[in-house]
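Reviewing the structure listed below.
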Amino acid sequence: MAFNDLEISAYMSPLTVSIGVDQCLKTASTKMQEHKIRHLPVLEGGRLMGVISERDVNWLASLGTDPSTVTVSEAMSDIPYVVHAKTKAAEVVAKMHDDKLGSALIERDGKPVGIFTTTDALQLCSDLLAGRVGAAAS
Amino acid sequence: MKRNEPLSTVMSKELTTVNVTNKLSEVRKLLAERGIHHVPVVSGTKLVGLISATDMVRLSFSAYGADARAVDAMLDHEFSIEKAMSKELTTLNSNQKVRDAAKVLSSGDFHSVPVVDDDNNLVGLVTSTDLIRYLADQY
């Protein structure tokens with residue numbers, strides 16, 4: 001499949017579990033480790049409020065912050081960009097580049113199902129250049 | 001998208017660098033004034049380390065709330081570039097390809113890779129942003 005036809009869901013990192021806004025960073029970190037994921041969608045009453053990443057948690061820990069005393073809502077990132085799982089990857093990459101965004105949240109039927117970060121974009125770039133995706137010229 | 005494009009296609013060649021003998025306060029000012037996230041540290045023309053904005057924020061945290069002058073005084077009194085910089089660097093050789101940079105940066109472990117020649121002279125820097133721009137240009 002060519003780059004321009006590739007859907008974003010092919011390169012997103014699935015969001016299989018979530019966390020509440022009032023839970024602490026230690027709980028968030030434990031969930032990420034248990035599920036081997038780097039991001040958690042943050043929900044309040046079933047409504048998506050933001051995303052907390054492993055990097056957010058590690059960053060605060062590196063400053064000497066006790067992760068059991070900080071709530072997820074204090075450390076999470078807002079969600080500036082949400083797209084449907086069928087959106088073309090090329091379109092998402094272009095938007096992230098133009099607006100200097102670090103991630104896009106992927107939804108299906110109104111529910112968050114994945115996140116596409118710059119690391120996922122770099123994996124896509126690597127796969128394209130290695131000929132693992134699409135038709136690249138030599 | 002060409003599989004064998006040289007690294008020079010995407011890397012930045014006009015770099016802001018600091019010498020290992022500079023003060024950390026000078027690094028803080030460079031990062032703040034130029035809006036850059038990484039500064040290679042050189043000795044002469046040789047690459048010896050890398051300092052990121054994240055490193056600087058971490059070092060400055062104990063002076064949180066103080067004015068810039070107090071932060072600079074603390075940085076220069078308690079730390080040095082030699083102490084603060086990352087020394088065990090992943091680098092790319094200028095002979096390598098864009099695909100090599102994509103492979104290295106897709107690990108997600110860091111967002112910037114210095115490019116050196118065969119004698120370890122610094123010749124460029126490739127960042128995640130450079131590669132996202134390259135990928136976006138294919139659309």
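Chains: A, B, ... in order of the structure tokens. Residues: from 1 per chain. Ligands: from 1, in order shown.
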
List every residue of chain A that has an atom at most 12 Å from any atom of chain B, giving for each one its closest atom pair and the distance in Å to one decimal, counting only C-alpha atoms, sorted by chain and then by ascending residue number, as JSON lines.
```
{"residue": "A:Ala2", "atom": "CA", "partner": "B:Met1", "partner_atom": "CA", "distance": 10.5}
{"residue": "A:Phe3", "atom": "CA", "partner": "B:Tyr139", "partner_atom": "CA", "distance": 7.9}
{"residue": "A:Asn4", "atom": "CA", "partner": "B:Tyr139", "partner_atom": "CA", "distance": 6.5}
{"residue": "A:Asp5", "atom": "CA", "partner": "B:Tyr139", "partner_atom": "CA", "distance": 10.3}
{"residue": "A:Leu6", "atom": "CA", "partner": "B:Tyr139", "partner_atom": "CA", "distance": 11.2}
{"residue": "A:Arg38", "atom": "CA", "partner": "B:Gly108", "partner_atom": "CA", "distance": 10.8}
{"residue": "A:Glu54", "atom": "CA", "partner": "B:Gly108", "partner_atom": "CA", "distance": 11.8}
{"residue": "A:Arg55", "atom": "CA", "partner": "B:Asp109", "partner_atom": "CA", "distance": 10.6}
{"residue": "A:Asn58", "atom": "CA", "partner": "B:Arg58", "partner_atom": "CA", "distance": 11.7}
{"residue": "A:Trp59", "atom": "CA", "partner": "B:Arg58", "partner_atom": "CA", "distance": 8.7}
{"residue": "A:Leu60", "atom": "CA", "partner": "B:Arg58", "partner_atom": "CA", "distance": 9.6}
{"residue": "A:Ala61", "atom": "CA", "partner": "B:Arg58", "partner_atom": "CA", "distance": 10.6}
{"residue": "A:Ser62", "atom": "CA", "partner": "B:Arg58", "partner_atom": "CA", "distance": 7.4}
{"residue": "A:Leu63", "atom": "CA", "partner": "B:Arg58", "partner_atom": "CA", "distance": 6.3}
{"residue": "A:Gly64", "atom": "CA", "partner": "B:Phe61", "partner_atom": "CA", "distance": 9.6}
{"residue": "A:Thr65", "atom": "CA", "partner": "B:Phe61", "partner_atom": "CA", "distance": 11.2}
{"residue": "A:Lys88", "atom": "CA", "partner": "B:Tyr139", "partner_atom": "CA", "distance": 10.2}
{"residue": "A:Ala89", "atom": "CA", "partner": "B:Tyr139", "partner_atom": "CA", "distance": 9.4}
{"residue": "A:Ala90", "atom": "CA", "partner": "B:Tyr139", "partner_atom": "CA", "distance": 5.6}
{"residue": "A:Glu91", "atom": "CA", "partner": "B:Tyr139", "partner_atom": "CA", "distance": 7.4}
{"residue": "A:Val92", "atom": "CA", "partner": "B:Ala136", "partner_atom": "CA", "distance": 8.9}
{"residue": "A:Val93", "atom": "CA", "partner": "B:Ala136", "partner_atom": "CA", "distance": 5.7}
{"residue": "A:Ala94", "atom": "CA", "partner": "B:Ala136", "partner_atom": "CA", "distance": 4.8}
{"residue": "A:Lys95", "atom": "CA", "partner": "B:Ala136", "partner_atom": "CA", "distance": 8.4}
{"residue": "A:Met96", "atom": "CA", "partner": "B:Ile132", "partner_atom": "CA", "distance": 8.3}
{"residue": "A:His97", "atom": "CA", "partner": "B:Arg133", "partner_atom": "CA", "distance": 6.1}
{"residue": "A:Asp98", "atom": "CA", "partner": "B:Arg133", "partner_atom": "CA", "distance": 8.7}
{"residue": "A:Asp99", "atom": "CA", "partner": "B:Arg133", "partner_atom": "CA", "distance": 11.4}
{"residue": "A:Lys100", "atom": "CA", "partner": "B:Thr129", "partner_atom": "CA", "distance": 8.7}
{"residue": "A:Leu101", "atom": "CA", "partner": "B:Thr129", "partner_atom": "CA", "distance": 10.3}
{"residue": "A:Gly102", "atom": "CA", "partner": "B:Thr129", "partner_atom": "CA", "distance": 9.8}
{"residue": "A:Ser103", "atom": "CA", "partner": "B:Ile132", "partner_atom": "CA", "distance": 11.8}
{"residue": "A:Thr117", "atom": "CA", "partner": "B:Gly108", "partner_atom": "CA", "distance": 9.8}
{"residue": "A:Thr118", "atom": "CA", "partner": "B:Ser128", "partner_atom": "CA", "distance": 7.4}
{"residue": "A:Thr119", "atom": "CA", "partner": "B:Gly108", "partner_atom": "CA", "distance": 5.4}
{"residue": "A:Asp120", "atom": "CA", "partner": "B:Ser106", "partner_atom": "CA", "distance": 7.2}
{"residue": "A:Ala121", "atom": "CA", "partner": "B:Ile132", "partner_atom": "CA", "distance": 7.0}
{"residue": "A:Leu122", "atom": "CA", "partner": "B:Ser106", "partner_atom": "CA", "distance": 4.8}
{"residue": "A:Gln123", "atom": "CA", "partner": "B:Ser106", "partner_atom": "CA", "distance": 4.9}
{"residue": "A:Leu124", "atom": "CA", "partner": "B:Ser106", "partner_atom": "CA", "distance": 8.4}
{"residue": "A:Cys125", "atom": "CA", "partner": "B:Leu135", "partner_atom": "CA", "distance": 6.2}
{"residue": "A:Ser126", "atom": "CA", "partner": "B:Ala102", "partner_atom": "CA", "distance": 4.8}
{"residue": "A:Asp127", "atom": "CA", "partner": "B:Lys103", "partner_atom": "CA", "distance": 8.4}
{"residue": "A:Leu128", "atom": "CA", "partner": "B:Met1", "partner_atom": "CA", "distance": 7.8}
{"residue": "A:Leu129", "atom": "CA", "partner": "B:Arg3", "partner_atom": "CA", "distance": 4.8}
{"residue": "A:Ala130", "atom": "CA", "partner": "B:Arg3", "partner_atom": "CA", "distance": 6.6}
{"residue": "A:Gly131", "atom": "CA", "partner": "B:Arg3", "partner_atom": "CA", "distance": 7.5}
{"residue": "A:Arg132", "atom": "CA", "partner": "B:Arg3", "partner_atom": "CA", "distance": 10.9}
{"residue": "A:Val133", "atom": "CA", "partner": "B:Met1", "partner_atom": "CA", "distance": 11.1}
{"residue": "A:Gly134", "atom": "CA", "partner": "B:Met1", "partner_atom": "CA", "distance": 9.5}
{"residue": "A:Ala135", "atom": "CA", "partner": "B:Met1", "partner_atom": "CA", "distance": 8.2}
{"residue": "A:Ala136", "atom": "CA", "partner": "B:Met1", "partner_atom": "CA", "distance": 5.2}
{"residue": "A:Ala137", "atom": "CA", "partner": "B:Lys2", "partner_atom": "CA", "distance": 4.7}
{"residue": "A:Ser138", "atom": "CA", "partner": "B:Arg3", "partner_atom": "CA", "distance": 5.1}
```

Save out the residues we just selected, C-alpha atoms, as a short mmCIF file (atom, residue, chain, number, x, y, z; two decimals), in the first residue's frame.
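Final output, result.cif:
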```cif
data_model
loop_
_atom_site.label_atom_id
_atom_site.label_comp_id
_atom_site.auth_asym_id
_atom_site.auth_seq_id
_atom_site.Cartn_x
_atom_site.Cartn_y
_atom_site.Cartn_z
CA ALA A 2 1.32 3.47 -0.91
CA PHE A 3 1.97 6.06 1.78
CA ASN A 4 -0.89 8.28 0.57
CA ASP A 5 -3.38 5.38 0.96
CA LEU A 6 -2.23 4.21 4.38
CA ARG A 38 3.58 4.54 26.93
CA GLU A 54 5.35 7.68 30.35
CA ARG A 55 7.53 10.69 29.52
CA ASN A 58 9.33 10.20 34.22
CA TRP A 59 9.89 13.91 33.77
CA LEU A 60 8.20 14.77 37.06
CA ALA A 61 9.97 11.88 38.81
CA SER A 62 13.33 13.21 37.57
CA LEU A 63 12.56 16.49 39.35
CA GLY A 64 12.15 14.62 42.63
CA THR A 65 8.33 14.75 42.66
CA LYS A 88 -4.93 8.86 5.97
CA ALA A 89 -1.58 8.72 7.74
CA ALA A 90 -0.12 11.25 5.30
CA GLU A 91 -2.80 13.77 6.25
CA VAL A 92 -2.11 13.29 9.98
CA VAL A 93 1.67 13.64 9.51
CA ALA A 94 1.18 16.82 7.49
CA LYS A 95 -1.08 18.33 10.16
CA MET A 96 1.36 17.37 12.96
CA HIS A 97 4.20 18.96 11.02
CA ASP A 98 2.30 22.15 10.10
CA ASP A 99 0.92 22.73 13.60
CA LYS A 100 4.00 21.40 15.45
CA LEU A 101 1.96 18.74 17.27
CA GLY A 102 3.57 15.87 19.16
CA SER A 103 0.66 13.45 18.87
CA THR A 117 3.05 10.10 18.23
CA THR A 118 6.16 11.46 16.54
CA THR A 119 7.86 8.17 17.43
CA ASP A 120 5.15 6.28 15.48
CA ALA A 121 5.65 8.75 12.59
CA LEU A 122 9.39 8.04 12.64
CA GLN A 123 8.68 4.29 12.59
CA LEU A 124 6.48 4.87 9.54
CA CYS A 125 9.27 6.92 7.92
CA SER A 126 11.77 4.17 8.69
CA ASP A 127 9.50 1.48 7.22
CA LEU A 128 8.87 3.54 4.07
CA LEU A 129 12.59 4.09 3.50
CA ALA A 130 13.36 0.43 4.16
CA GLY A 131 10.73 -0.58 1.61
CA ARG A 132 8.54 -2.30 4.21
CA VAL A 133 5.61 -0.03 3.28
CA GLY A 134 4.58 1.45 -0.05
CA ALA A 135 6.63 1.75 -3.19
CA ALA A 136 9.81 3.71 -2.63
CA ALA A 137 12.22 4.51 -5.43
CA SER A 138 15.81 3.35 -5.05
#
```

- If you run DSSP over the backbone, which residues in chain B end up strand (DSSP E)? Put them as number ranges by chain. B: 18-19, 38-43, 46-52, 92-93, 112-116, 122-127

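Atom CA of Val42 of chain A is positioned 6.0 Å from atom CA of Ser18 of chain A.
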
Could you give me, as a JSON list (two decimals) with C-alpha atoms, in the first residue's frame, the residues within 12 Å of segment 70-74 of chain A, counting only C-alpha atoms and dropping anything in the same chain fewer than 4 positions from it?
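Result file selection_35.json:
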```json
[["chain", "number", "residue", "atom", "x", "y", "z"],
["A", 18, "SER", "CA", -7.51, 4.33, 30.53],
["A", 19, "ILE", "CA", -7.10, 6.22, 33.80],
["A", 20, "GLY", "CA", -9.23, 8.68, 35.76],
["A", 21, "VAL", "CA", -8.24, 12.33, 36.22],
["A", 22, "ASP", "CA", -8.12, 12.00, 40.01],
["A", 23, "GLN", "CA", -5.81, 8.99, 40.12],
["A", 24, "CYS", "CA", -2.15, 9.49, 40.98],
["A", 25, "LEU", "CA", 0.90, 9.27, 38.72],
["A", 26, "LYS", "CA", 2.10, 6.15, 40.54],
["A", 27, "THR", "CA", -1.09, 4.35, 39.48],
["A", 28, "ALA", "CA", -0.65, 5.64, 35.92],
["A", 29, "SER", "CA", 2.93, 4.40, 35.84],
["A", 39, "HIS", "CA", 0.33, 6.54, 26.94],
["A", 40, "LEU", "CA", -3.00, 6.41, 28.76],
["A", 41, "PRO", "CA", -6.16, 8.32, 27.79],
["A", 42, "VAL", "CA", -7.42, 10.30, 30.77],
["A", 43, "LEU", "CA", -11.16, 10.11, 31.41],
["A", 44, "GLU", "CA", -13.58, 11.92, 33.69],
["A", 48, "LEU", "CA", -11.90, 12.16, 27.34],
["A", 49, "MET", "CA", -9.94, 14.90, 29.09],
["A", 50, "GLY", "CA", -6.33, 14.36, 27.99],
["A", 51, "VAL", "CA", -3.44, 11.95, 27.65],
["A", 52, "ILE", "CA", -0.74, 11.08, 30.17],
["A", 53, "SER", "CA", 2.52, 9.69, 28.85],
["A", 54, "GLU", "CA", 5.35, 7.68, 30.35],
["A", 56, "ASP", "CA", 5.27, 13.04, 31.58],
["A", 57, "VAL", "CA", 5.57, 10.70, 34.57],
["A", 60, "LEU", "CA", 8.20, 14.77, 37.06],
["A", 61, "ALA", "CA", 9.97, 11.88, 38.81],
["A", 64, "GLY", "CA", 12.15, 14.62, 42.63],
["A", 65, "THR", "CA", 8.33, 14.75, 42.66],
["A", 66, "ASP", "CA", 6.61, 11.95, 44.60],
["A", 78, "ASP", "CA", -4.42, 18.35, 26.42]]
```

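Computed from the coordinates, the atom CA of Ala53 of chain B to atom CA of Val27 of chain B distance equals 9.1 Å.
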